[in-house]
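What follows is the content of run11.tsv (TSV, C-alpha atoms).
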```tsv
chain	number	residue	atom	x	y	z
A	1424	MET	CA	1.95	-67.62	-21.50
A	1425	ALA	CA	1.26	-70.36	-18.97
A	1426	ARG	CA	2.35	-73.92	-19.64
A	1427	ALA	CA	0.98	-77.12	-18.16
A	1428	GLY	CA	2.52	-77.73	-14.77
A	1429	SER	CA	4.02	-74.23	-14.46
A	1430	PHE	CA	3.01	-70.75	-13.27
A	1431	VAL	CA	4.07	-67.61	-15.13
A	1432	PRO	CA	3.53	-64.23	-13.34
A	1433	LYS	CA	1.39	-61.68	-15.16
A	1434	GLY	CA	3.42	-59.49	-17.50
A	1435	TYR	CA	6.32	-61.93	-17.62
A	1436	THR	CA	7.39	-63.30	-20.98
A	1437	VAL	CA	9.11	-66.66	-21.05
A	1438	PRO	CA	12.48	-66.36	-22.81
A	1439	PRO	CA	12.47	-68.24	-26.15
A	1440	GLU	CA	15.17	-70.68	-25.05
A	1441	LYS	CA	13.26	-71.58	-21.87
A	1442	ARG	CA	9.99	-71.90	-23.77
A	1443	ALA	CA	11.65	-74.26	-26.24
A	1444	ALA	CA	13.11	-76.33	-23.41
A	1445	ALA	CA	9.72	-76.55	-21.68
A	1446	GLU	CA	8.02	-77.61	-24.90
A	1447	GLN	CA	10.72	-80.21	-25.47
A	1448	ARG	CA	10.10	-81.62	-21.98
A	1449	GLN	CA	6.39	-81.81	-22.73
A	1450	LEU	CA	7.06	-83.68	-25.95
A	1451	LYS	CA	9.12	-86.22	-24.04
A	1452	VAL	CA	6.18	-86.80	-21.72
A	1453	TYR	CA	3.54	-87.17	-24.40
A	1454	MET	CA	5.64	-88.88	-27.08
A	1455	ASN	CA	6.53	-92.10	-25.32
A	1456	SER	CA	4.45	-93.54	-28.13
A	1457	PRO	CA	2.50	-92.04	-31.05
A	1458	GLY	CA	-0.57	-93.93	-29.84
A	1459	LEU	CA	-1.51	-95.17	-33.30
A	1460	LEU	CA	-0.41	-97.65	-35.94
A	1461	ALA	CA	0.86	-96.14	-39.17
A	1462	GLU	CA	-0.88	-97.72	-42.17
A	1463	PRO	CA	-1.84	-100.99	-40.43
A	1464	TYR	CA	-0.83	-104.04	-42.43
A	1465	ARG	CA	-3.87	-105.50	-44.19
A	1466	GLY	CA	-2.44	-108.84	-45.23
A	1467	ASP	CA	-0.87	-110.33	-48.30
A	1468	PRO	CA	-2.50	-108.59	-51.28
A	1469	PRO	CA	-3.71	-110.68	-54.22
A	1470	LYS	CA	-1.35	-111.00	-57.16
A	1471	LEU	CA	-1.86	-108.55	-59.98
A	1472	SER	CA	-2.27	-109.86	-63.49
A	1473	LEU	CA	-0.48	-108.43	-66.51
A	1474	LEU	CA	-3.78	-106.88	-67.51
A	1475	SER	CA	-3.47	-104.52	-64.55
A	1476	LEU	CA	-0.84	-102.66	-66.56
A	1477	LEU	CA	-3.56	-101.68	-69.00
A	1478	THR	CA	-5.93	-100.03	-66.52
A	1479	VAL	CA	-5.69	-96.86	-64.47
A	1480	ASP	CA	-6.71	-98.69	-61.30
A	1481	GLY	CA	-4.15	-101.41	-61.94
A	1482	ILE	CA	-1.32	-98.95	-62.48
A	1483	ARG	CA	-2.39	-97.01	-59.38
A	1484	GLU	CA	-2.36	-100.21	-57.30
A	1485	ARG	CA	1.10	-101.18	-58.56
A	1486	TRP	CA	2.40	-97.72	-57.68
A	1487	LYS	CA	0.83	-97.93	-54.21
A	1488	ARG	CA	2.56	-101.24	-53.55
A	1489	LEU	CA	5.88	-99.93	-54.82
A	1490	VAL	CA	5.67	-96.93	-52.49
A	1491	GLY	CA	4.78	-99.25	-49.60
A	1492	ARG	CA	7.84	-101.41	-50.21
A	1493	ALA	CA	10.00	-98.30	-50.44
A	1494	LYS	CA	8.68	-97.11	-47.05
A	1495	SER	CA	9.58	-100.48	-45.51
A	1496	VAL	CA	13.12	-100.39	-46.94
A	1497	TYR	CA	13.57	-96.82	-45.70
A	1498	THR	CA	12.32	-97.68	-42.21
A	1499	LEU	CA	14.77	-100.57	-41.88
A	1500	ALA	CA	17.56	-98.32	-43.16
A	1501	LYS	CA	16.68	-95.72	-40.50
A	1502	CYS	CA	16.70	-98.42	-37.82
A	1503	LYS	CA	20.18	-99.47	-38.89
A	1504	LYS	CA	21.38	-95.86	-38.99
A	1505	ASP	CA	19.74	-94.48	-35.83
A	1506	MET	CA	19.62	-97.54	-33.54
A	1507	GLU	CA	23.05	-98.53	-32.31
A	1508	GLY	CA	23.83	-102.15	-33.12
A	1509	PHE	CA	20.63	-102.81	-35.06
A	1510	ASP	CA	20.93	-105.91	-37.20
A	1511	LEU	CA	17.97	-107.69	-38.79
A	1512	ARG	CA	19.16	-111.17	-37.84
A	1513	LYS	CA	19.81	-110.16	-34.23
A	1514	PHE	CA	16.50	-108.30	-34.17
A	1515	LYS	CA	14.62	-111.47	-35.12
A	1516	GLU	CA	16.34	-113.32	-32.29
A	1517	GLU	CA	15.36	-110.51	-29.92
A	1518	VAL	CA	11.75	-110.78	-31.11
A	1519	GLY	CA	11.60	-114.33	-29.73
A	1520	GLU	CA	12.70	-113.07	-26.32
A	1521	ILE	CA	10.25	-110.16	-26.41
A	1522	HIS	CA	7.40	-112.43	-27.47
A	1523	GLU	CA	8.05	-114.90	-24.66
A	1524	LYS	CA	8.45	-112.13	-22.07
A	1525	ILE	CA	5.22	-110.34	-22.99
A	1526	CYS	CA	3.14	-113.52	-23.28
A	1527	THR	CA	4.44	-114.82	-19.94
A	1528	LEU	CA	3.61	-111.55	-18.19
A	1529	HIS	CA	0.20	-111.46	-19.87
A	1530	ALA	CA	-0.55	-114.98	-18.67
A	1531	ARG	CA	0.43	-113.96	-15.13
A	1532	GLY	CA	-1.62	-110.79	-15.32
A	1533	ASP	CA	1.44	-108.72	-14.35
A	1534	LEU	CA	0.43	-105.27	-15.58
A	1535	THR	CA	3.27	-103.54	-13.73
A	1536	GLU	CA	5.95	-105.36	-15.71
A	1537	LEU	CA	3.93	-105.32	-18.93
A	1538	ARG	CA	4.11	-101.53	-18.81
A	1539	LYS	CA	7.83	-101.79	-19.66
A	1540	TYR	CA	7.25	-103.84	-22.81
A	1541	THR	CA	4.04	-102.41	-24.26
A	1542	THR	CA	2.72	-99.05	-25.42
A	1543	PRO	CA	-0.08	-97.44	-23.38
A	1544	ALA	CA	-2.70	-98.49	-25.95
A	1545	THR	CA	-1.60	-102.13	-25.91
A	1546	LEU	CA	-1.36	-102.13	-22.12
A	1547	ALA	CA	-4.95	-100.88	-21.89
A	1548	ALA	CA	-6.12	-103.65	-24.24
A	1549	MET	CA	-4.31	-106.31	-22.20
A	1550	LYS	CA	-5.77	-104.91	-19.00
A	1551	ARG	CA	-9.27	-105.43	-20.45
A	1552	GLU	CA	-8.35	-108.98	-21.47
A	1553	ILE	CA	-7.08	-109.80	-17.98
A	1554	LYS	CA	-10.28	-108.45	-16.43
A	1555	ALA	CA	-12.34	-110.56	-18.85
A	1556	ARG	CA	-10.35	-113.64	-17.81
A	1557	GLU	CA	-11.02	-112.88	-14.17
A	1558	ALA	CA	-14.74	-112.52	-14.90
A	1559	ALA	CA	-14.65	-115.95	-16.56
A	1560	HIS	CA	-12.87	-117.36	-13.46
A	1561	TRP	CA	-9.63	-118.05	-15.29
A	1562	ASP	CA	-7.59	-117.75	-12.11
A	1563	ARG	CA	-4.33	-119.35	-13.24
A	1564	ILE	CA	-2.82	-119.76	-16.69
A	1565	GLU	CA	0.18	-121.93	-17.49
A	1566	TRP	CA	1.71	-120.81	-20.78
A	1567	THR	CA	4.87	-121.88	-22.61
A	1568	VAL	CA	6.27	-121.40	-26.10
A	1569	HIS	CA	8.88	-123.49	-27.89
A	1570	GLN	CA	11.99	-121.49	-28.73
A	1571	PRO	CA	13.17	-120.45	-31.20
A	1572	LEU	CA	9.99	-119.27	-32.89
A	1573	LYS	CA	9.26	-121.19	-36.08
A	1574	LEU	CA	8.97	-117.97	-38.10
A	1575	VAL	CA	9.78	-114.31	-37.57
A	1576	GLN	CA	9.02	-112.41	-40.77
A	1577	VAL	CA	9.19	-108.65	-41.16
A	1578	LEU	CA	6.21	-107.74	-43.34
A	1579	GLN	CA	6.19	-103.97	-43.19
A	1580	GLY	CA	8.06	-101.01	-41.76
A	1581	ARG	CA	6.72	-97.52	-41.17
A	1582	LEU	CA	7.90	-94.32	-39.48
A	1583	VAL	CA	5.65	-92.18	-37.28
A	1584	GLY	CA	6.58	-88.69	-36.10
A	1585	LEU	CA	5.36	-85.17	-35.44
A	1586	ASP	CA	7.36	-83.63	-38.29
A	1587	PRO	CA	7.50	-85.54	-41.60
A	1588	LYS	CA	10.58	-83.47	-42.51
A	1589	ASP	CA	12.46	-84.54	-39.37
A	1590	SER	CA	12.69	-88.28	-38.74
A	1591	SER	CA	15.38	-87.98	-36.05
A	1592	HIS	CA	12.72	-88.18	-33.33
A	1593	ALA	CA	10.32	-90.49	-35.14
A	1594	PHE	CA	9.20	-93.94	-34.08
A	1595	ALA	CA	9.84	-97.04	-36.16
A	1596	GLN	CA	7.01	-99.57	-36.35
A	1597	LEU	CA	7.79	-103.04	-37.70
A	1598	THR	CA	4.93	-105.43	-38.48
A	1599	LEU	CA	5.85	-109.08	-37.95
A	1600	ARG	CA	4.34	-112.44	-38.80
A	1601	LEU	CA	5.12	-114.92	-36.02
A	1602	HIS	CA	4.70	-118.70	-36.08
A	1603	SER	CA	5.14	-120.72	-32.92
A	1604	ASP	CA	4.12	-123.85	-31.06
A	1605	GLN	CA	2.51	-122.92	-27.77
A	1606	LYS	CA	1.01	-124.74	-24.85
A	1607	PHE	CA	-1.42	-123.34	-22.33
A	1608	LEU	CA	-3.55	-124.62	-19.50
A	1609	VAL	CA	-6.24	-122.74	-17.58
A	1610	HIS	CA	-7.36	-123.46	-13.99
A	1611	ASP	CA	-10.00	-121.92	-11.77
A	1612	LYS	CA	-9.34	-120.85	-8.18
A	1613	ASN	CA	-9.90	-124.41	-6.97
A	1614	GLY	CA	-7.30	-125.80	-9.35
A	1615	ASN	CA	-9.84	-127.34	-11.67
A	1616	TRP	CA	-8.97	-127.53	-15.37
A	1617	LYS	CA	-11.01	-125.19	-17.57
A	1618	ALA	CA	-9.26	-124.96	-20.95
A	1619	GLY	CA	-6.13	-125.96	-22.85
A	1620	SER	CA	-4.16	-129.17	-22.77
A	1621	PRO	CA	-0.94	-130.14	-20.98
A	1622	ASP	CA	-0.12	-132.79	-23.59
A	1623	SER	CA	-0.59	-131.12	-26.96
A	1624	ASP	CA	0.98	-128.10	-28.61
A	1625	LEU	CA	-1.03	-125.50	-30.45
A	1626	PHE	CA	0.32	-123.93	-33.63
A	1627	VAL	CA	-0.23	-120.17	-33.45
A	1628	GLU	CA	0.13	-117.53	-36.15
A	1629	GLU	CA	0.30	-113.98	-34.82
A	1630	TYR	CA	0.79	-110.53	-36.28
A	1631	TRP	CA	2.57	-108.12	-33.97
A	1632	VAL	CA	3.65	-104.52	-34.44
A	1633	LEU	CA	6.77	-103.59	-32.48
A	1634	GLU	CA	7.66	-99.95	-31.96
A	1635	ARG	CA	10.80	-98.12	-30.90
A	1636	LYS	CA	11.96	-94.52	-30.93
A	1637	LEU	CA	14.79	-93.67	-33.27
A	1638	GLY	CA	17.93	-92.11	-31.87
A	1639	ASP	CA	17.17	-92.97	-28.24
A	1640	PRO	CA	19.53	-95.66	-26.88
A	1641	ARG	CA	17.47	-95.87	-23.68
A	1642	ASP	CA	14.34	-96.95	-25.50
A	1643	ARG	CA	13.43	-100.59	-26.19
A	1644	TRP	CA	11.16	-102.40	-28.62
A	1645	LYS	CA	7.59	-102.40	-27.34
A	1646	LEU	CA	4.44	-104.11	-28.49
A	1647	ALA	CA	2.32	-101.43	-30.16
A	1648	GLY	CA	-0.39	-103.66	-31.56
A	1649	ARG	CA	-1.67	-107.15	-32.33
A	1650	ILE	CA	-3.50	-107.14	-35.62
A	1651	HIS	CA	-5.63	-109.52	-37.68
A	1652	PRO	CA	-4.99	-108.84	-41.38
A	1653	GLN	CA	-7.84	-109.48	-43.78
A	1654	HIS	CA	-5.82	-111.52	-46.26
A	1655	ALA	CA	-3.38	-113.20	-43.87
A	1656	LYS	CA	-2.09	-116.60	-44.94
A	1657	GLY	CA	-3.82	-119.22	-42.87
A	1658	GLY	CA	-6.03	-116.55	-41.34
```
With the file now loaded, output its structure as structure tokens.
Amino acid sequence: MARAGSFVPKGYTVPPEKRAAAEQRQLKVYMNSPGLLAEPYRGDPPKLSLLSLLTVDGIRERWKRLVGRAKSVYTLAKCKKDMEGFDLRKFKEEVGEIHEKICTLHARGDLTELRKYTTPATLAAMKREIKAREAAHWDRIEWTVHQPLKLVQVLQGRLVGLDPKDSSHAFAQLTLRLHSDQKFLVHDKNGNWKAGSPDSDLFVEEYWVLERKLGDPRDRWKLAGRIHPQHAKGG
């Protein structure tokens, strides 16, 4: 049986151990990221009244929320177990560094470096945004953020993997609410001002999904998505 990138002579059967190794190599190529967001966060749900305990739909909604919270707790527990040195407080500090790094590279239009900090889907989206900026003659962007971020809140955690019975090679996705004061200034190719202000800060609320593979010390947190929840506070 032929495999991608290999040639098997007619009548030759690949030994099971070699076939398994080849398939494992293929998985490593194609599973740098799942390429999707697991149960995208939809915002802060409305509070349920006591009357919801008296209806089937109300009880079903309460159960759904309970399961969701359990998934988040389990995801954080897996991060602590399968990511060496993972600590929620340190993670939130790291988020500030990741946020500043990605936004700085995005402002510069540095797709080569962005590839290290984003999933392929996010990189493709940012590439489209950079091209749109170029079409609008946004030739230079000056961007800064005040550190530390005003808020880093973990809203949801989910695991994504090929085998629901084996989470050792799954990806953890953490949805975050970020508050920050940012400043940006846009110039055209002649240096003329086009947007932003050098004198005033802009309060920004963002919702990011960071992703990292469990059990792989070489992997790093990457931006897997920027979302806009329906019931976001202030949104």
Report the distance between CA of Asp1589 (chain A) and CA of Gly1491 (chain A) in Å, rounded to one decimal place.
->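 Computed distance, CA of Asp1589 (chain A) to CA of Gly1491 (chain A), equals 19.5 Å.
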Between A:Arg1551, A:Lys1645, A:His1651, A:Lys1636, smallest distance to Arg1538 (chain A) by only C-alpha atoms belongs to A:Lys1645
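Interatomic distance, CA of Trp1631 (chain A) to CA of Leu1597 (chain A): 8.2 Å.
Residues surrounding Gly1619 (chain A) within 7 Å are A:Phe1607, A:Leu1608, A:Val1609 [only C-alpha atoms; sequence separation below 5 positions excluded].
One finds CA of Gly1648 (chain A) at 7.2 Å from CA of Leu1633 (chain A).
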Which residues, written as a PDB file with C-alpha atoms, in the frame of the given file, have at least one atom at most 7 Å from Asp1562 (chain A), with all atoms listed in the file counted and residues fewer than 3 positions away on the same chain left out?
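Contents of the output file selection.pdb:
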```pdb
ATOM      1  CA  GLU A1557     -11.020-112.880 -14.170  1.00  0.00           C
ATOM      2  CA  HIS A1610      -7.360-123.460 -13.990  1.00  0.00           C
ATOM      3  CA  ASP A1611     -10.000-121.920 -11.770  1.00  0.00           C
ATOM      4  CA  LYS A1612      -9.340-120.850  -8.180  1.00  0.00           C
TER       5      LYS A1612
END
```
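Nearest residue to Glu1536 (chain A) among A:Ala1559, A:Lys1524, A:Val1518, A:Asp1480 is A:Lys1524, counting only C-alpha atoms.
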The centre and edge lengths of an axis-aligned box containing all atoms of region 1575-1582 of chain A present in the file, extended by 3 Å on each side, are to be given in Å to one decimal, as lines of an AutoDock Vina configuration file.
```
center_x = 8.0
center_y = -104.3
center_z = -40.5
size_x = 9.6
size_y = 26.0
size_z = 11.8
```
Rank A:Lys1504, A:Leu1601, A:Gln1653, A:Thr1545 by their smallest atom-to-atom distance to Pro1469 (chain A), using all atoms listed in the file, and report the top residue only.
->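 The shortest atom-to-atom distance to Pro1469 (chain A) comes from A:Gln1653.
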Identify which of the residues A:Arg1581, A:Arg1492, A:Arg1485, A:Lys1606 lies closest to Leu1637 (chain A), counting only C-alpha atoms when measuring atom-to-atom distances.
->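 Between A:Arg1581, A:Arg1492, A:Arg1485, A:Lys1606, the residue approaching Leu1637 (chain A) most closely is A:Arg1581.
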So which one's closest to Ile1521 (chain A), A:Val1568, A:Leu1460, A:Val1479, A:Ala1500? Using only C-alpha atoms, please.
-> A:Val1568
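Using only C-alpha atoms, the shortest contact distance between Lys1470 (chain A) and any of A:Asp1505, A:Gly1638, A:Thr1535, A:Glu1484 is found at A:Glu1484.
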Excluding Gly1519 (chain A) and residues on its chain fewer than 4 positions from it, collect all residues at most 7 Å away from it, counting only C-alpha atoms, and give them as a list in words.
->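 Skipping anything fewer than 4 positions along the chain leaves Lys1515, Glu1523, Pro1571 and Leu1572 of chain A.
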Convert the current residue selection to file output with C-alpha atoms, as a PDB file, in the frame of the given file.
```
ATOM      1  CA  LYS A1515      14.620-111.470 -35.120  1.00  0.00           C
ATOM      2  CA  GLU A1523       8.050-114.900 -24.660  1.00  0.00           C
ATOM      3  CA  PRO A1571      13.170-120.450 -31.200  1.00  0.00           C
ATOM      4  CA  LEU A1572       9.990-119.270 -32.890  1.00  0.00           C
TER       5      LEU A1572
END
```
Counting all atoms listed in the file, write as a ChimeraX atom specification all protein and nucleic acid residues lying at most 10 Å from (1.5, -116.3, -14.5) in the file's frame.
-> /A:1526-1533,1562-1566
